[in-house]
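File shown: final.pdb. Contents: PDB, C-alpha atoms.
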```pdb
MODEL        1
ATOM      1  CA  MET O  43     -10.856  19.096   9.095
ATOM      2  CA  GLN O  44     -13.811  17.422   7.393
ATOM      3  CA  SER O  45     -11.598  15.479   4.938
ATOM      4  CA  SER O  46      -9.273  14.378   7.764
ATOM      5  CA  LEU O  47     -12.255  13.053   9.710
ATOM      6  CA  PHE O  48     -13.503  11.241   6.606
ATOM      7  CA  LEU O  49     -10.100   9.562   6.064
ATOM      8  CA  PHE O  50      -9.972   8.600   9.742
ATOM      9  CA  ILE O  51     -13.406   6.966   9.527
ATOM     10  CA  ILE O  52     -12.390   5.004   6.424
ATOM     11  CA  PHE O  53      -9.088   3.930   8.009
ATOM     12  CA  ALA O  54     -10.696   3.007  11.345
ATOM     13  CA  ALA O  55     -13.306   0.852   9.587
ATOM     14  CA  GLY O  56     -10.544  -1.412   8.271
ATOM     15  CA  VAL O  57     -10.795  -4.145   5.693
ATOM     16  CA  GLY O  58     -13.966  -6.149   6.043
ATOM     17  CA  ALA O  59     -16.222  -3.310   4.966
ATOM     18  CA  ALA O  60     -18.112  -3.622   1.671
ATOM     19  CA  GLU O  61     -16.506  -0.468   0.284
ATOM     20  CA  PRO O  62     -12.794  -0.274  -0.571
ATOM     21  CA  VAL O  63     -10.527   0.787   2.287
ATOM     22  CA  ILE O  64      -8.313   3.704   1.295
ATOM     23  CA  VAL O  65      -5.120   3.938   3.343
ATOM     24  CA  GLU O  66      -2.873   6.970   3.098
ATOM     25  CA  ALA O  67       0.534   5.285   3.024
ATOM     26  CA  GLU O  68       2.083   7.719   5.522
ATOM     27  CA  THR O  69      -0.272   6.366   8.235
ATOM     28  CA  SER O  70       1.400   2.937   8.128
ATOM     29  CA  PRO O  71       5.118   3.191   7.248
ATOM     30  CA  GLY O  72       7.222   0.042   7.346
ATOM     31  CA  GLY O  73      10.877  -0.464   8.223
ATOM     32  CA  ASP O  74      12.868   2.739   8.019
ATOM     33  CA  ALA O  75      10.524   4.458   5.528
ATOM     34  CA  ARG O  76      10.137   8.156   6.191
ATOM     35  CA  VAL O  77       7.146  10.452   5.779
ATOM     36  CA  VAL O  78       7.731  13.432   3.472
ATOM     37  CA  VAL O  79       5.566  16.283   2.207
ATOM     38  CA  VAL O  80       4.995  16.074  -1.559
ATOM     39  CA  ALA O  81       2.892  18.640  -3.424
ATOM     40  CA  ASP O  82       1.354  16.185  -5.899
ATOM     41  CA  ALA O  83       0.494  13.485  -3.345
ATOM     42  CA  LEU O  84      -3.230  12.812  -2.928
ATOM     43  CA  ALA O  85      -3.204  13.918   0.739
ATOM     44  CA  GLY O  86       0.000  15.992   0.640
ATOM     45  CA  LYS O  87       2.360  13.354   2.127
ATOM     46  CA  VAL O  88       3.964  10.070   1.060
ATOM     47  CA  ILE O  89       6.318   7.528   2.503
ATOM     48  CA  GLU O  90       9.656   6.887   0.835
ATOM     49  CA  GLN O  91      12.817   4.863   1.214
ATOM     50  CA  ASP O  92      16.042   4.908  -0.759
ATOM     51  CA  LYS O  93      17.418   1.377  -0.350
ATOM     52  CA  ALA O  94      17.095  -1.835  -2.331
ATOM     53  CA  TRP O  95      13.941  -3.789  -1.486
ATOM     54  CA  ASN O  96      13.253  -2.390   1.982
ATOM     55  CA  PRO O  97       9.755  -2.105   3.462
ATOM     56  CA  LEU O  98       7.785   1.025   2.640
ATOM     57  CA  PHE O  99       4.441   0.038   4.130
ATOM     58  CA  ALA O 100       3.210  -2.462   6.728
ATOM     59  CA  TYR O 101      -0.499  -2.865   7.449
ATOM     60  CA  ALA O 102      -2.256  -5.166   9.899
ATOM     61  CA  ILE O 103      -5.293  -7.072   8.626
ATOM     62  CA  LYS O 104      -8.168  -7.809  11.003
ATOM     63  CA  ALA O 105      -9.134 -11.400  11.781
ATOM     64  CA  GLY O 106     -12.127 -12.570   9.750
ATOM     65  CA  THR O 107     -11.387 -10.261   6.820
ATOM     66  CA  PRO O 108     -12.540 -11.682   3.469
ATOM     67  CA  ARG O 109     -10.261 -12.026   0.437
ATOM     68  CA  PHE O 110      -9.232  -8.638  -1.000
ATOM     69  CA  THR O 111      -7.245  -7.005  -3.808
ATOM     70  CA  VAL O 112      -4.391  -4.571  -3.121
ATOM     71  CA  TRP O 113      -3.745  -1.484  -5.271
ATOM     72  CA  ALA O 114      -0.871   0.969  -4.703
ATOM     73  CA  ARG O 115      -0.027   4.423  -6.061
ATOM     74  CA  HIS O 116       3.770   4.717  -6.364
ATOM     75  CA  ARG O 117       6.644   6.254  -8.312
ATOM     76  CA  ASN O 118      10.473   6.347  -8.579
ATOM     77  CA  GLY O 119      10.947   2.612  -8.425
ATOM     78  CA  PRO O 120       9.258  -0.779  -8.535
ATOM     79  CA  VAL O 121       7.247  -2.131  -5.593
ATOM     80  CA  GLN O 122       6.410  -5.599  -4.321
ATOM     81  CA  LEU O 123       3.489  -6.855  -2.214
ATOM     82  CA  LYS O 124       4.596  -9.441   0.320
ATOM     83  CA  THR O 125       3.122 -11.126   3.387
ATOM     84  CA  THR O 126       4.113 -13.466   6.170
ATOM     85  CA  LEU O 127       2.298 -16.807   6.172
ATOM     86  CA  THR O 128       0.546 -18.458   9.121
ATOM     87  CA  ALA O 129       2.383 -21.679   8.186
ATOM     88  CA  GLY O 130       5.732 -19.841   8.407
ATOM     89  CA  GLY O 131       7.861 -18.085   5.850
ATOM     90  CA  GLN O 132       6.895 -15.305   3.492
ATOM     91  CA  ALA O 133       5.035 -15.080   0.191
ATOM     92  CA  GLU O 134       5.591 -12.692  -2.688
ATOM     93  CA  ILE O 135       2.126 -11.768  -3.930
ATOM     94  CA  GLY O 136       2.697  -9.290  -6.741
ATOM     95  CA  TRP O 137       4.952  -6.715  -8.352
ATOM     96  CA  SER O 138       4.781  -3.440 -10.207
ATOM     97  CA  TRP O 139       7.897  -2.748 -12.258
ATOM     98  CA  ALA O 140       6.873   0.814 -13.133
ATOM     99  CA  GLY O 141       9.695   2.999 -11.934
ATOM    100  CA  GLY O 142       9.461   6.412 -13.499
ATOM    101  CA  ALA O 143       8.805   9.825 -12.002
ATOM    102  CA  THR O 144       5.093   9.711 -12.910
ATOM    103  CA  TRP O 145       2.612   8.388 -10.334
ATOM    104  CA  THR O 146       1.373   4.903 -11.262
ATOM    105  CA  TRP O 147      -1.564   2.925  -9.886
ATOM    106  CA  ALA O 148      -0.668  -0.769  -9.754
ATOM    107  CA  LYS O 149      -2.845  -3.770  -8.944
ATOM    108  CA  LEU O 150      -0.422  -5.776  -6.799
ATOM    109  CA  GLY O 151      -2.516  -8.880  -6.219
ATOM    110  CA  GLU O 152      -5.070 -10.644  -4.054
ATOM    111  CA  ILE O 153      -4.686 -11.609  -0.414
ATOM    112  CA  GLU O 154      -6.423 -14.538   1.271
ATOM    113  CA  PRO O 155      -6.353 -13.408   4.937
ATOM    114  CA  ALA O 156      -6.803 -16.928   6.349
ATOM    115  CA  ALA O 157      -3.400 -17.858   4.884
ATOM    116  CA  ILE O 158      -1.435 -14.926   6.282
ATOM    117  CA  SER O 159      -0.239 -13.929   9.729
ATOM    118  CA  GLY O 160      -2.203 -10.676   9.619
ATOM    119  CA  LEU O 161       0.341  -8.324   8.032
ATOM    120  CA  ILE O 162       0.829  -7.129   4.457
ATOM    121  CA  ILE O 163       4.041  -5.407   3.427
ATOM    122  CA  ILE O 164       4.880  -3.307   0.377
ATOM    123  CA  ARG O 165       8.602  -3.082  -0.369
ATOM    124  CA  GLY O 166      10.299  -0.656  -2.719
ATOM    125  CA  ASP O 167      13.529  -0.724  -4.688
ATOM    126  CA  ALA O 168      15.324   2.593  -5.010
ATOM    127  CA  SER O 169      18.708   1.181  -5.978
ATOM    128  CA  GLY O 170      20.269   3.373  -8.602
ATOM    129  CA  GLY O 171      17.687   6.151  -8.483
ATOM    130  CA  PRO O 172      15.663   8.538  -6.344
ATOM    131  CA  ALA O 173      13.774   7.283  -3.294
ATOM    132  CA  THR O 174      10.793   5.062  -4.097
ATOM    133  CA  GLN O 175       7.601   6.804  -2.978
ATOM    134  CA  LEU O 176       4.261   5.273  -1.967
ATOM    135  CA  ASP O 177       1.254   7.590  -1.776
ATOM    136  CA  GLN O 178      -1.877   5.532  -1.211
ATOM    137  CA  VAL O 179      -2.972   1.897  -0.866
ATOM    138  CA  VAL O 180      -6.482   0.644  -1.638
ATOM    139  CA  LEU O 181      -7.810  -2.645  -0.239
ATOM    140  CA  ASP O 182     -10.859  -3.843  -2.166
ATOM    141  CA  GLU O 183     -12.738  -6.997  -1.232
ATOM    142  CA  LYS O 184     -15.090  -6.786  -4.222
ATOM    143  CA  GLY O 185     -12.232  -6.673  -6.737
ATOM    144  CA  ALA O 186     -14.026  -4.013  -8.769
ATOM    145  CA  TRP O 187     -12.179  -0.851  -7.672
ATOM    146  CA  LYS O 188     -10.354   1.006 -10.444
ATOM    147  CA  PRO O 189      -8.078   4.054 -10.134
TER     148      PRO O 189
ENDMDL
END
```

Please express the file's structure as structure tokens.
Amino acid sequence: MQSSLFLFIIFAAGVGAAEPVIVEAETSPGGDARVVVVADALAGKVIEQDKAWNPLFAYAIKAGTPRFTVWARHRNGPVQLKTTLTAGGQAEIGWSWAGGATWTWAKLGEIEPAAISGLIIIRGDASGGPATQLDQVVLDEKGAWKP
């Protein structure tokens, strides 16, 4: 109960806090991603999808949020950080091509919130393999967080 309350407080604080925001991926699934129980996940659950380049994760960013770096813990396929732009269209921010069965922390890139429409998306590619899984996302405005 205590750890669940702690995660809720961190999640509710949102980006804009001085400390990194840790988001359990299963709290913000994107597209048709599904939540599954996985024994070696940091909080016991992950989100996964088994299609080519479909959304795994979608997270709303608060207005006035400063620039921040996005990290993701994933396995079983590459992932891409993407966002929709306030000027229209979409932008590909960063990639992690790691695709093996071992969990990998990947620094996916930096987001300038003033340039986006308020949503970041992480897509996964599971074509030709098991479902891509996303465990946790860290949003760090200081750029100093390390896994």

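Remark: for Ala129 (chain O), the closest of the candidate residues O:Leu176, O:Lys87, O:Trp145, O:Ala156 is O:Ala156 (distances computed over all atoms listed in the file).
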
Determine the residue set returned by the PyMOL selection byres ((chain O and resi 159) around 8) for the present structure, and present it as a list in words.
-> Thr125, Thr126, Leu127, Thr128, Pro155, Ala156, Ala157, Ile158, Gly160 and Leu161 of chain O

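Put simply, the PyMOL selection byres ((chain O and resi 147) around 7) on this file hits Trp113, Ala114, Arg115, His116, Trp145, Thr146, Ala148, Lys149 and Pro189 of chain O.
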
Which one is closest to Asp82 (chain O): O:Thr144, O:Gly170, O:Ile163, O:Trp187? Count only C-alpha atoms.
-> O:Thr144

Would you work out the distance separating CA of Gln122 (chain O) from CA of Ala105 (chain O), expressed in Å to one decimal?
-> 23.1 Å

Could you state which residues are captured by the PyMOL selection byres ((chain O and resi 86) around 12) in this file, as a CSV table (one decimal) with C-alpha atoms, in the frame of the given file?
```csv
chain,number,residue,atom,x,y,z
O,46,SER,CA,-9.3,14.4,7.8
O,66,GLU,CA,-2.9,7.0,3.1
O,67,ALA,CA,0.5,5.3,3.0
O,68,GLU,CA,2.1,7.7,5.5
O,77,VAL,CA,7.1,10.5,5.8
O,78,VAL,CA,7.7,13.4,3.5
O,79,VAL,CA,5.6,16.3,2.2
O,80,VAL,CA,5.0,16.1,-1.6
O,81,ALA,CA,2.9,18.6,-3.4
O,82,ASP,CA,1.4,16.2,-5.9
O,83,ALA,CA,0.5,13.5,-3.3
O,84,LEU,CA,-3.2,12.8,-2.9
O,85,ALA,CA,-3.2,13.9,0.7
O,87,LYS,CA,2.4,13.4,2.1
O,88,VAL,CA,4.0,10.1,1.1
O,89,ILE,CA,6.3,7.5,2.5
O,176,LEU,CA,4.3,5.3,-2.0
O,177,ASP,CA,1.3,7.6,-1.8
O,178,GLN,CA,-1.9,5.5,-1.2
```
